[in-house]
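To keep things clear, I will list the structure first and then write my remarks on it.
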Amino acid sequence: MDKIVITAASRVTEASVPKARLGARFGRMDLASQLALLAVESLGIDFDGRPRDRIGICLGAWAGSLSADLEFWGGRDAAGGPSPILFTYTLPSAAIGEIAIRHRLTGANLCLVGKDTVLAEASDLLRRAEVEACLCVWCNVVTPALAEMIQAPPSAHASALFLQRGGEGLRELQENDRDIETLCAAFCAQNSTS
Amino acid sequence: MSGVAFAGCGATTAVGCGMDALRSALRANASGLRACARFDLPRFQSCVVGAASQMDTGSDDPAWNLADSALHEAREQAREALAAIPTERVGLVLSTTKANIEAMERLAEHRSCSEAARRHLRGDYLACDLAAAHGARGPVQCVSVACASGLLAIQQGAKLIQRGAADAVLVVGVDHLSAFVVAGFSALKAIDPNGCRPFDRDRRGLSPGEAGAAIVLVSAAKMSRPGITIHGWGGSNDANHLTGPSRDGSGLAQAMRRALDSARLRPEEIDYVNAHGTGTSYNDAMESTALRAVFGECCPPVSGSKGMLGHTLGAAGVVETILCVLAMQERLLPGTPRLNVAAEGVPSDCLKQPRPVARLRHVLKLNTGFGGVNGALILSHG
Amino acid sequence: MDILLSELKTGIIETLRLEDISPDQIDDDAPLFGTGLGLDSIDALELVVMLEQYYGIVIKDIEESRPAFKSVRALAAFVQAKRTS
């Protein structure tokens with residue numbers, strides 16, 4: 001069985017959002033989708049020459065879609081009612097949809113809420129050959145309003161990894177690589193010191 | 001393929017509390033959709049919904065109540081199989097789109113909200129607490145992939161068993177009827193105010209529903225008589241639009257083909273398909289196209305269950321799979337409650353009424369969700 | 001009418017958070033949906049909400065009002081008509 005190789009890693013924060021130019025609809029997306037798209041963009045993957053129907057997307061959303069949920073619900077009393085566009089982002093997996101649309105990826109997907117266990121699931125997809133490669137994205141978006149409601153610290157960042165079966169890359173995925181954020185932080189720290 | 005069997009099921013839905021109620025509704029082709037009196041916000045059309053009326057409508061933790069009730073029943077059914085499995089080897093996978101969103105509504109309006117209810121706003125906490133209450137000290141996950149969540153959660157349960165992380169997994173799907181969801185689908189103008197009619201020529205939208213549904217999956221090796229097993233699955237993304245499926249159904253067709261490949265089955269070996277069938281113009285047309293792409297003119301009998309239960313979102317994949325299990329046990333093809341006249345292009349054997357069969361060997365279950373996610377699951381009997 | 005056209009363009013840009021486009025870059029007669037501005041069905045629903053919020057116009061049947069969404073000029077004519085009725 002081929003080893004699983006990490007070919008790219010990235011980490012982005014809210015600061016990168018205003019200057020992002022990722023398509024006409026970017027401004028309409030919720031923050032989680034914007035950060036997830038940015039994180040994937042920052043990986044610099046060239047999807048041409050890869051079979052797009054064999055690339056999976058696995059997303060971990062620490063607080064689900066609660067930040068977008070709260071924003072949607074906040075508009076319920078507006079004349080005309082709450083925003084239809086906002087409603088489409090009140091799902092943790094909306095970011096998967098945006099990534100799939102932008103990069104035309106039709107492979108299998110998974111979205112988990114809570115603590116990050118995405119790598120184990122992405123590895124499973126790769127070992128079973130359900131996909132040949134997998135985008136692993138971790139999103140932690142807690143707006144100030146949500147922070148108060150769920151008593152958690154505010155946060156707005158995302159990390160992403162690209163995994164593939166075999167081939168060359170940064171390094172092989174190890175048994176003790178537990179979560180995306182830690183892994184990306186390590187790679188990005190390496191990059192900034194080199 | 002998988003060596004993972006169904007040891008027990010439980011469900012609390014619009015047709016009542018428990019598997020007996022669900023079985024009766026299946027035989028009677030009943031609809032649990034009723035006019036909704038729960039939401040008095042002026043903006044919402046009074047709509048027809050699938051409400052689990054036994055549930056305490058004053059509760060601040062409806063997600064917990066629905067899930068807890070279903071898990072009790074499923075574990076009771078699976079008692080013999082579970083008795084032989086230590087709790088550290090029992091996992092739990094929760095499928096939900098909005099968890100206990102009721103708490104957000106209350107907190108936003110400064111109404112009373114218990115700590116437990118607030119806690120269960122978060123799907124991962126809801127999953128952990130359900131696991132603790134139901135003897136699952138193994139791995140716990142919360143899957144949330146829109147309306148495809150249920151099928152993906154069942155797949156996750158099977159995967160945990162197959163890779164040795166657990167010997168049994170409690171798969172539980174839940175979403176409760178909420179002003180949040182009704183407001184959202186109203187904003188999208190996606191609701192049929194008179195109640196959904198899947199695959200009908202006159203269909204106009206979906207009906208919001210709620211359910212708690214649970215399945216106990218056990219390694220087939222640990223069961224004396226495995227019965228119904230998970231035979232294969234497949235997933236895909238349309239990569240087309242956040243809320244509108246690809247008109248040509250190619251994404252869902254791909255998920256079906258992947259499921260068939262994983263089960264090493266040819267399309268003609270499928271005895272019945274339980275569709276996603278929301279009752280919206282787009283979904284049902286897309287699904288009809290996808291079925292034709294995979295099965296050609298020889299589509300097996302198809303029906304949809306959302307006219308019975310409404311669209312139960314995160315619970316849909318689980319409760320509709322349970323209906324498939326019941327159908328296989330009863331040897332009864334489910335009908336499509338509330339379907340009157342099938343639309344053009346719908347598969348020719350789209351069942352309005354239930355129909356007895358000699359046997360159901362392989363059944364295909366489909367669900368699709370916002371974000372273009374498609375899921376397909378194959379169940380097999382003996 | 002000019003003021004209304006301008007208001008609507010600003011409204012569309014703000015409501016839909018369109019980037020890198022100013023009101024005077026939106027042609028009065030260019031299609032809003034499909035080609036032109038390339039808006040989709042959910043954007044249409046969002047504009048229906050905008051019309052109620054800004055002008056108090058309630059659209060019950062979006063299919064019936066489809067012609068109004070053909071272009072900014074068509075929309076302005078629609079709003080104008082509703083105001084005077």
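Labels for the structure tokens follow display order: chains A, B, ..., residues from 1 in each chain, ligands from 1.
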Using only C-alpha atoms, what does the table of chain C residues within 12 Å of chain B look like, with each row giving the shortest atom pair and its distance in Å to one decimal, sorted by chain and ascending number, as a Markdown table?
```
| residue | atom | partner | partner_atom | distance |
| --- | --- | --- | --- | --- |
| C:Asp40 | CA | B:His241 | CA | 9.4 |
| C:Ser41 | CA | B:Gly244 | CA | 9.0 |
| C:Ile42 | CA | B:Leu188 | CA | 7.2 |
| C:Asp43 | CA | B:Leu188 | CA | 10.2 |
| C:Ala44 | CA | B:Leu188 | CA | 9.9 |
| C:Leu45 | CA | B:Leu188 | CA | 6.8 |
| C:Glu46 | CA | B:Ala187 | CA | 8.6 |
| C:Leu47 | CA | B:Ala187 | CA | 11.4 |
| C:Val48 | CA | B:Ala187 | CA | 9.8 |
| C:Val49 | CA | B:Ala187 | CA | 8.6 |
| C:Val58 | CA | B:Arg43 | CA | 11.5 |
| C:Ile59 | CA | B:Lys189 | CA | 11.4 |
| C:Lys60 | CA | B:Lys189 | CA | 9.9 |
| C:Asp61 | CA | B:Lys189 | CA | 9.6 |
| C:Ile62 | CA | B:Lys189 | CA | 9.0 |
| C:Glu63 | CA | B:Lys189 | CA | 11.2 |
```
Point to revise | Contact residues around Asp61 (chain B) with only C-alpha atoms at 10 Å, ignoring same-chain residues under 6 positions, as number ranges by chain | key: B: 99-103, 113-121, 176
Practice item. Output as a VMD selection string all residues of region 32-146 of chain A that backbone DSSP marks as strand (DSSP E or B). Key: chain A and resid 55 to 61 109 to 113 133 to 142
How about saving the chosen residues, N, CA and C atoms kept, as a PDB file, in the first residue's frame?
```pdb
ATOM      1  N   ILE A  55     -10.334  13.451  -6.193  1.00  0.00           N
ATOM      2  CA  ILE A  55      -9.808  14.292  -5.116  1.00  0.00           C
ATOM      3  C   ILE A  55     -10.912  14.540  -4.108  1.00  0.00           C
ATOM      4  N   GLY A  56     -10.693  14.151  -2.866  1.00  0.00           N
ATOM      5  CA  GLY A  56     -11.691  14.310  -1.814  1.00  0.00           C
ATOM      6  C   GLY A  56     -11.496  15.604  -1.055  1.00  0.00           C
ATOM      7  N   ILE A  57     -12.524  15.992  -0.309  1.00  0.00           N
ATOM      8  CA  ILE A  57     -12.431  17.159   0.568  1.00  0.00           C
ATOM      9  C   ILE A  57     -12.927  16.745   1.942  1.00  0.00           C
ATOM     10  N   CYS A  58     -12.059  16.867   2.948  1.00  0.00           N
ATOM     11  CA  CYS A  58     -12.442  16.580   4.335  1.00  0.00           C
ATOM     12  C   CYS A  58     -12.284  17.853   5.139  1.00  0.00           C
ATOM     13  N   LEU A  59     -13.332  18.247   5.807  1.00  0.00           N
ATOM     14  CA  LEU A  59     -13.346  19.512   6.539  1.00  0.00           C
ATOM     15  C   LEU A  59     -13.627  19.277   8.007  1.00  0.00           C
ATOM     16  N   GLY A  60     -12.896  19.981   8.852  1.00  0.00           N
ATOM     17  CA  GLY A  60     -13.174  19.970  10.283  1.00  0.00           C
ATOM     18  C   GLY A  60     -13.574  21.371  10.692  1.00  0.00           C
ATOM     19  N   ALA A  61     -14.742  21.513  11.285  1.00  0.00           N
ATOM     20  CA  ALA A  61     -15.210  22.833  11.717  1.00  0.00           C
ATOM     21  C   ALA A  61     -15.383  22.804  13.229  1.00  0.00           C
ATOM     22  N   ASN A 109     -16.642  13.448   0.061  1.00  0.00           N
ATOM     23  CA  ASN A 109     -16.473  14.500   1.067  1.00  0.00           C
ATOM     24  C   ASN A 109     -16.798  13.984   2.459  1.00  0.00           C
ATOM     25  N   LEU A 110     -16.318  14.719   3.465  1.00  0.00           N
ATOM     26  CA  LEU A 110     -16.723  14.477   4.849  1.00  0.00           C
ATOM     27  C   LEU A 110     -16.566  15.787   5.617  1.00  0.00           C
ATOM     28  N   CYS A 111     -17.481  16.057   6.535  1.00  0.00           N
ATOM     29  CA  CYS A 111     -17.336  17.229   7.405  1.00  0.00           C
ATOM     30  C   CYS A 111     -17.620  16.814   8.841  1.00  0.00           C
ATOM     31  N   LEU A 112     -16.680  17.095   9.722  1.00  0.00           N
ATOM     32  CA  LEU A 112     -16.819  16.761  11.138  1.00  0.00           C
ATOM     33  C   LEU A 112     -16.843  18.032  11.969  1.00  0.00           C
ATOM     34  N   VAL A 113     -17.640  18.012  13.042  1.00  0.00           N
ATOM     35  CA  VAL A 113     -17.744  19.158  13.939  1.00  0.00           C
ATOM     36  C   VAL A 113     -17.046  18.830  15.247  1.00  0.00           C
ATOM     37  N   ALA A 133      -6.301  11.604  -3.799  1.00  0.00           N
ATOM     38  CA  ALA A 133      -5.717  12.722  -3.063  1.00  0.00           C
ATOM     39  C   ALA A 133      -6.832  13.378  -2.269  1.00  0.00           C
ATOM     40  N   CYS A 134      -6.438  14.138  -1.249  1.00  0.00           N
ATOM     41  CA  CYS A 134      -7.475  14.720  -0.397  1.00  0.00           C
ATOM     42  C   CYS A 134      -7.069  16.079   0.152  1.00  0.00           C
ATOM     43  N   LEU A 135      -7.967  17.041   0.026  1.00  0.00           N
ATOM     44  CA  LEU A 135      -7.785  18.333   0.682  1.00  0.00           C
ATOM     45  C   LEU A 135      -8.298  18.189   2.100  1.00  0.00           C
ATOM     46  N   CYS A 136      -7.470  18.517   3.079  1.00  0.00           N
ATOM     47  CA  CYS A 136      -7.884  18.480   4.480  1.00  0.00           C
ATOM     48  C   CYS A 136      -7.897  19.905   4.982  1.00  0.00           C
ATOM     49  N   VAL A 137      -9.054  20.382   5.419  1.00  0.00           N
ATOM     50  CA  VAL A 137      -9.187  21.773   5.828  1.00  0.00           C
ATOM     51  C   VAL A 137      -9.721  21.852   7.248  1.00  0.00           C
ATOM     52  N   TRP A 138      -9.128  22.709   8.029  1.00  0.00           N
ATOM     53  CA  TRP A 138      -9.563  22.931   9.418  1.00  0.00           C
ATOM     54  C   TRP A 138      -9.973  24.389   9.573  1.00  0.00           C
ATOM     55  N   CYS A 139     -11.197  24.599  10.066  1.00  0.00           N
ATOM     56  CA  CYS A 139     -11.737  25.946  10.191  1.00  0.00           C
ATOM     57  C   CYS A 139     -12.097  26.232  11.632  1.00  0.00           C
ATOM     58  N   ASN A 140     -11.594  27.330  12.144  1.00  0.00           N
ATOM     59  CA  ASN A 140     -11.979  27.702  13.502  1.00  0.00           C
ATOM     60  C   ASN A 140     -12.489  29.132  13.460  1.00  0.00           C
ATOM     61  N   VAL A 141     -13.808  29.276  13.369  1.00  0.00           N
ATOM     62  CA  VAL A 141     -14.401  30.614  13.276  1.00  0.00           C
ATOM     63  C   VAL A 141     -15.388  30.814  14.421  1.00  0.00           C
ATOM     64  N   VAL A 142     -15.009  31.673  15.349  1.00  0.00           N
ATOM     65  CA  VAL A 142     -15.887  32.028  16.458  1.00  0.00           C
ATOM     66  C   VAL A 142     -15.941  33.553  16.505  1.00  0.00           C
TER      67      VAL A 142
END
```
Exercise for review: Return as number ranges by chain the residues belonging to chain A that are within 7 Å of chain B, counting only C-alpha atoms.
Suggested key: A: 63, 73, 82-84, 87, 91-94, 96-97, 100-101, 104-114
Keeping only C-alpha atoms, write the selected residues as an mmCIF file, in the first residue's frame.
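File written: result-v9.cif
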```
data_model
loop_
_atom_site.group_PDB
_atom_site.id
_atom_site.type_symbol
_atom_site.label_atom_id
_atom_site.label_comp_id
_atom_site.auth_asym_id
_atom_site.auth_seq_id
_atom_site.Cartn_x
_atom_site.Cartn_y
_atom_site.Cartn_z
ATOM 1 C CA ALA A 63 -17.654 25.384 16.110
ATOM 2 C CA TRP A 73 -30.773 34.517 13.114
ATOM 3 C CA PRO A 82 -33.646 37.019 7.126
ATOM 4 C CA SER A 83 -31.108 36.726 4.322
ATOM 5 C CA PRO A 84 -31.520 33.795 1.916
ATOM 6 C CA PHE A 87 -29.072 30.756 5.222
ATOM 7 C CA LEU A 91 -24.186 24.496 7.434
ATOM 8 C CA PRO A 92 -20.675 23.474 8.492
ATOM 9 C CA SER A 93 -20.203 21.851 5.078
ATOM 10 C CA ALA A 94 -20.939 24.989 3.021
ATOM 11 C CA ILE A 96 -16.857 22.092 1.107
ATOM 12 C CA GLY A 97 -19.362 23.215 -1.502
ATOM 13 C CA ALA A 100 -15.676 21.902 -4.790
ATOM 14 C CA ILE A 101 -17.278 24.549 -7.016
ATOM 15 C CA ARG A 104 -14.387 21.442 -9.779
ATOM 16 C CA LEU A 105 -13.652 18.595 -7.392
ATOM 17 C CA THR A 106 -16.196 15.784 -7.509
ATOM 18 C CA GLY A 107 -14.621 13.226 -5.180
ATOM 19 C CA ALA A 108 -15.997 12.050 -1.817
ATOM 20 C CA ASN A 109 -16.473 14.500 1.067
ATOM 21 C CA LEU A 110 -16.723 14.477 4.849
ATOM 22 C CA CYS A 111 -17.336 17.229 7.405
ATOM 23 C CA LEU A 112 -16.819 16.761 11.138
ATOM 24 C CA VAL A 113 -17.744 19.158 13.939
ATOM 25 C CA GLY A 114 -15.629 19.595 17.061
#
```
Interface, chain A side, toward chain C (12 Å; only C-alpha atoms) as a short mmCIF file (atom, residue, chain, number, x, y, z; two decimals) with N, CA and C atoms, in the first residue's frame:
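Done, and the output landed in result06.cif:
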```
data_model
loop_
_atom_site.label_atom_id
_atom_site.label_comp_id
_atom_site.auth_asym_id
_atom_site.auth_seq_id
_atom_site.Cartn_x
_atom_site.Cartn_y
_atom_site.Cartn_z
N PRO A 18 -9.71 40.65 3.34
CA PRO A 18 -10.05 41.84 2.55
C PRO A 18 -9.33 41.93 1.20
N LYS A 19 -8.06 41.48 1.14
CA LYS A 19 -7.36 41.63 -0.13
C LYS A 19 -7.55 40.42 -1.06
N ALA A 20 -8.30 39.43 -0.59
CA ALA A 20 -8.46 38.23 -1.42
C ALA A 20 -9.30 38.52 -2.65
N ARG A 21 -8.89 37.90 -3.77
CA ARG A 21 -9.67 38.05 -4.99
C ARG A 21 -9.95 36.65 -5.51
N LEU A 22 -10.98 36.05 -4.97
CA LEU A 22 -11.24 34.65 -5.34
C LEU A 22 -12.60 34.49 -5.98
N GLY A 23 -12.86 35.30 -6.96
CA GLY A 23 -14.11 35.12 -7.70
C GLY A 23 -15.17 36.11 -7.28
N ALA A 24 -16.15 36.29 -8.16
CA ALA A 24 -17.19 37.30 -7.97
C ALA A 24 -18.04 37.05 -6.74
N ARG A 25 -18.17 35.77 -6.36
CA ARG A 25 -19.09 35.48 -5.26
C ARG A 25 -18.42 35.47 -3.90
N PHE A 26 -17.11 35.72 -3.87
CA PHE A 26 -16.36 35.61 -2.62
C PHE A 26 -16.92 36.50 -1.52
N GLY A 27 -17.29 37.73 -1.91
CA GLY A 27 -17.78 38.69 -0.91
C GLY A 27 -19.07 38.26 -0.24
N ARG A 28 -19.83 37.39 -0.91
CA ARG A 28 -21.12 36.96 -0.37
C ARG A 28 -21.00 35.80 0.60
N MET A 29 -19.81 35.20 0.65
CA MET A 29 -19.68 33.99 1.47
C MET A 29 -19.53 34.33 2.95
N ASP A 30 -19.80 33.34 3.78
CA ASP A 30 -19.55 33.55 5.21
C ASP A 30 -18.05 33.44 5.47
N GLY A 75 -30.83 38.46 11.73
CA GLY A 75 -31.57 39.22 10.73
C GLY A 75 -33.03 38.82 10.61
N ARG A 76 -33.53 38.01 11.56
CA ARG A 76 -34.87 37.44 11.39
C ARG A 76 -35.99 38.46 11.41
N ASP A 77 -35.77 39.60 12.08
CA ASP A 77 -36.84 40.59 12.20
C ASP A 77 -36.75 41.70 11.17
N ALA A 78 -35.78 41.61 10.25
CA ALA A 78 -35.66 42.66 9.23
C ALA A 78 -36.88 42.63 8.33
N ALA A 79 -37.26 43.81 7.82
CA ALA A 79 -38.35 43.84 6.84
C ALA A 79 -37.88 43.01 5.67
N GLY A 80 -38.70 42.10 5.20
CA GLY A 80 -38.26 41.23 4.13
C GLY A 80 -37.73 39.91 4.65
N GLY A 81 -37.49 39.85 5.97
CA GLY A 81 -37.05 38.59 6.57
C GLY A 81 -35.55 38.40 6.54
N PRO A 82 -35.09 37.27 7.06
CA PRO A 82 -33.65 37.02 7.13
C PRO A 82 -33.09 36.73 5.74
N SER A 83 -31.77 36.81 5.62
CA SER A 83 -31.11 36.73 4.32
C SER A 83 -31.07 35.31 3.76
N PRO A 84 -31.61 35.12 2.55
CA PRO A 84 -31.52 33.80 1.92
C PRO A 84 -30.06 33.36 1.70
N ILE A 85 -29.23 34.31 1.31
CA ILE A 85 -27.82 33.96 1.06
C ILE A 85 -27.17 33.48 2.36
N LEU A 86 -27.42 34.21 3.46
CA LEU A 86 -26.84 33.79 4.73
C LEU A 86 -27.30 32.40 5.13
N PHE A 87 -28.55 32.08 4.84
CA PHE A 87 -29.07 30.76 5.22
C PHE A 87 -28.26 29.65 4.55
N THR A 88 -27.85 29.88 3.31
CA THR A 88 -27.11 28.82 2.62
C THR A 88 -25.76 28.54 3.27
N TYR A 89 -25.30 29.44 4.12
CA TYR A 89 -24.03 29.21 4.83
C TYR A 89 -24.22 28.71 6.25
#
```
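The gap separating CA of Gly232 (chain B) from CA of Thr13 (chain B) is 26.8 Å, in Å to one decimal.
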What's around region 169-171 of chain B at 7 Å? Count only C-alpha atoms, leave out sequence neighbours fewer than 3 positions away in its own chain, and write the answer as an mmCIF file with N, CA and C atoms, in the first residue's frame.
```
data_model
loop_
_atom_site.group_PDB
_atom_site.id
_atom_site.type_symbol
_atom_site.label_atom_id
_atom_site.label_comp_id
_atom_site.auth_asym_id
_atom_site.auth_seq_id
_atom_site.Cartn_x
_atom_site.Cartn_y
_atom_site.Cartn_z
ATOM 1 N N VAL B 90 -17.433 0.366 22.078
ATOM 2 C CA VAL B 90 -18.665 0.879 21.466
ATOM 3 C C VAL B 90 -18.468 2.359 21.157
ATOM 4 N N GLY B 91 -18.587 2.734 19.893
ATOM 5 C CA GLY B 91 -18.447 4.126 19.494
ATOM 6 C C GLY B 91 -19.796 4.761 19.228
ATOM 7 N N LEU B 92 -19.786 6.071 18.978
ATOM 8 C CA LEU B 92 -21.028 6.773 18.637
ATOM 9 C C LEU B 92 -20.739 7.783 17.536
ATOM 10 N N VAL B 93 -21.559 7.779 16.500
ATOM 11 C CA VAL B 93 -21.452 8.792 15.449
ATOM 12 C C VAL B 93 -22.786 9.519 15.365
ATOM 13 N N LEU B 94 -22.748 10.815 15.568
ATOM 14 C CA LEU B 94 -23.948 11.649 15.513
ATOM 15 C C LEU B 94 -24.032 12.327 14.155
ATOM 16 N N ALA B 153 -22.753 9.370 8.082
ATOM 17 C CA ALA B 153 -22.550 8.928 9.471
ATOM 18 C C ALA B 153 -22.597 7.404 9.551
ATOM 19 N N ILE B 154 -23.512 6.795 8.802
ATOM 20 C CA ILE B 154 -23.581 5.327 8.772
ATOM 21 C C ILE B 154 -22.279 4.771 8.194
ATOM 22 N N GLY B 157 -19.633 4.913 10.807
ATOM 23 C CA GLY B 157 -19.810 3.834 11.769
ATOM 24 C C GLY B 157 -19.209 2.536 11.237
ATOM 25 N N ALA B 166 -13.611 0.084 16.738
ATOM 26 C CA ALA B 166 -14.781 -0.246 17.566
ATOM 27 C C ALA B 166 -15.366 -1.570 17.092
ATOM 28 N N ALA B 214 -31.931 6.058 15.368
ATOM 29 C CA ALA B 214 -30.667 5.436 15.762
ATOM 30 C C ALA B 214 -30.548 4.020 15.225
ATOM 31 N N ILE B 215 -29.339 3.669 14.865
ATOM 32 C CA ILE B 215 -29.010 2.334 14.364
ATOM 33 C C ILE B 215 -27.836 1.817 15.176
ATOM 34 N N VAL B 216 -27.905 0.564 15.604
ATOM 35 C CA VAL B 216 -26.730 -0.043 16.226
ATOM 36 C C VAL B 216 -26.056 -0.903 15.172
ATOM 37 N N LEU B 217 -24.844 -0.512 14.793
ATOM 38 C CA LEU B 217 -24.056 -1.295 13.847
ATOM 39 C C LEU B 217 -23.098 -2.168 14.637
ATOM 40 N N VAL B 218 -22.997 -3.429 14.240
ATOM 41 C CA VAL B 218 -22.105 -4.345 14.941
ATOM 42 C C VAL B 218 -21.297 -5.134 13.921
#
```
Using only C-alpha atoms, determine which residues lie at most 12 Å from Pro193 (chain B), disregarding the query and same-chain residues fewer than 5 positions distant; provide the list as a PDB file with N, CA and C atoms, in the first residue's frame.
```pdb
ATOM      1  N   LEU B  33     -47.531  14.303   8.052  1.00  0.00           N
ATOM      2  CA  LEU B  33     -47.471  15.754   7.881  1.00  0.00           C
ATOM      3  C   LEU B  33     -48.774  16.395   8.337  1.00  0.00           C
ATOM      4  N   ARG B  34     -48.656  17.478   9.122  1.00  0.00           N
ATOM      5  CA  ARG B  34     -49.830  18.178   9.621  1.00  0.00           C
ATOM      6  C   ARG B  34     -49.574  19.682   9.568  1.00  0.00           C
ATOM      7  N   ALA B  35     -50.666  20.458   9.598  1.00  0.00           N
ATOM      8  CA  ALA B  35     -50.509  21.913   9.629  1.00  0.00           C
ATOM      9  C   ALA B  35     -49.788  22.307  10.911  1.00  0.00           C
ATOM     10  N   CYS B  36     -48.888  23.251  10.775  1.00  0.00           N
ATOM     11  CA  CYS B  36     -48.007  23.599  11.885  1.00  0.00           C
ATOM     12  C   CYS B  36     -48.564  24.729  12.709  1.00  0.00           C
ATOM     13  N   PHE B  44     -43.816  33.599   8.490  1.00  0.00           N
ATOM     14  CA  PHE B  44     -43.851  32.249   7.937  1.00  0.00           C
ATOM     15  C   PHE B  44     -45.236  31.894   7.454  1.00  0.00           C
ATOM     16  N   GLN B  45     -45.303  31.377   6.258  1.00  0.00           N
ATOM     17  CA  GLN B  45     -46.563  30.833   5.776  1.00  0.00           C
ATOM     18  C   GLN B  45     -46.887  29.749   6.784  1.00  0.00           C
ATOM     19  N   SER B  46     -48.129  29.585   7.152  1.00  0.00           N
ATOM     20  CA  SER B  46     -48.411  28.450   8.023  1.00  0.00           C
ATOM     21  C   SER B  46     -48.144  27.268   7.118  1.00  0.00           C
ATOM     22  N   CYS B  47     -47.324  26.380   7.523  1.00  0.00           N
ATOM     23  CA  CYS B  47     -46.949  25.321   6.616  1.00  0.00           C
ATOM     24  C   CYS B  47     -47.202  23.971   7.233  1.00  0.00           C
ATOM     25  N   VAL B  48     -47.164  22.988   6.376  1.00  0.00           N
ATOM     26  CA  VAL B  48     -47.412  21.620   6.793  1.00  0.00           C
ATOM     27  C   VAL B  48     -46.062  20.988   7.082  1.00  0.00           C
ATOM     28  N   VAL B  49     -45.925  20.406   8.250  1.00  0.00           N
ATOM     29  CA  VAL B  49     -44.618  19.898   8.682  1.00  0.00           C
ATOM     30  C   VAL B  49     -44.729  18.488   9.253  1.00  0.00           C
ATOM     31  N   VAL B 182     -37.360  26.672   9.604  1.00  0.00           N
ATOM     32  CA  VAL B 182     -38.548  27.082   8.847  1.00  0.00           C
ATOM     33  C   VAL B 182     -38.312  28.464   8.239  1.00  0.00           C
ATOM     34  N   PHE B 185     -35.778  27.992   5.155  1.00  0.00           N
ATOM     35  CA  PHE B 185     -36.370  27.443   3.940  1.00  0.00           C
ATOM     36  C   PHE B 185     -37.447  28.361   3.383  1.00  0.00           C
ATOM     37  N   SER B 186     -38.122  29.123   4.273  1.00  0.00           N
ATOM     38  CA  SER B 186     -39.072  30.133   3.803  1.00  0.00           C
ATOM     39  C   SER B 186     -38.352  31.194   2.997  1.00  0.00           C
ATOM     40  N   ARG B 203     -45.718  19.067  -7.576  1.00  0.00           N
ATOM     41  CA  ARG B 203     -44.900  19.338  -6.389  1.00  0.00           C
ATOM     42  C   ARG B 203     -44.419  20.789  -6.385  1.00  0.00           C
ATOM     43  N   ARG B 204     -44.305  21.350  -5.169  1.00  0.00           N
ATOM     44  CA  ARG B 204     -43.926  22.756  -5.072  1.00  0.00           C
ATOM     45  C   ARG B 204     -42.870  23.036  -4.019  1.00  0.00           C
ATOM     46  N   GLY B 205     -42.361  21.997  -3.375  1.00  0.00           N
ATOM     47  CA  GLY B 205     -41.346  22.272  -2.362  1.00  0.00           C
ATOM     48  C   GLY B 205     -41.326  21.211  -1.278  1.00  0.00           C
ATOM     49  N   LEU B 206     -40.486  21.471  -0.292  1.00  0.00           N
ATOM     50  CA  LEU B 206     -40.307  20.477   0.770  1.00  0.00           C
ATOM     51  C   LEU B 206     -41.206  20.779   1.966  1.00  0.00           C
ATOM     52  N   SER B 207     -41.246  19.808   2.895  1.00  0.00           N
ATOM     53  CA  SER B 207     -41.899  20.008   4.183  1.00  0.00           C
ATOM     54  C   SER B 207     -40.868  19.802   5.275  1.00  0.00           C
ATOM     55  N   PRO B 208     -40.613  20.807   6.107  1.00  0.00           N
ATOM     56  CA  PRO B 208     -39.665  20.607   7.212  1.00  0.00           C
ATOM     57  C   PRO B 208     -40.173  19.495   8.135  1.00  0.00           C
ATOM     58  N   GLY B 279     -39.279  16.734  -2.878  1.00  0.00           N
ATOM     59  CA  GLY B 279     -40.512  17.383  -3.320  1.00  0.00           C
ATOM     60  C   GLY B 279     -40.261  18.740  -3.953  1.00  0.00           C
ATOM     61  N   THR B 280     -38.988  19.174  -4.017  1.00  0.00           N
ATOM     62  CA  THR B 280     -38.711  20.419  -4.732  1.00  0.00           C
ATOM     63  C   THR B 280     -38.634  20.099  -6.222  1.00  0.00           C
TER      64      THR B 280
END
```
Study note, to complete from the structure: Taken to one decimal, the CA of Gln162 (chain B)-CA of Val174 (chain B) distance is 24.4 Å
Practice item. Please indicate the distance in Å from CA of Asp202 (chain B) to CA of Gly296 (chain B), rounded to one decimal place. Key: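 A separation of 24.8 Å between them.
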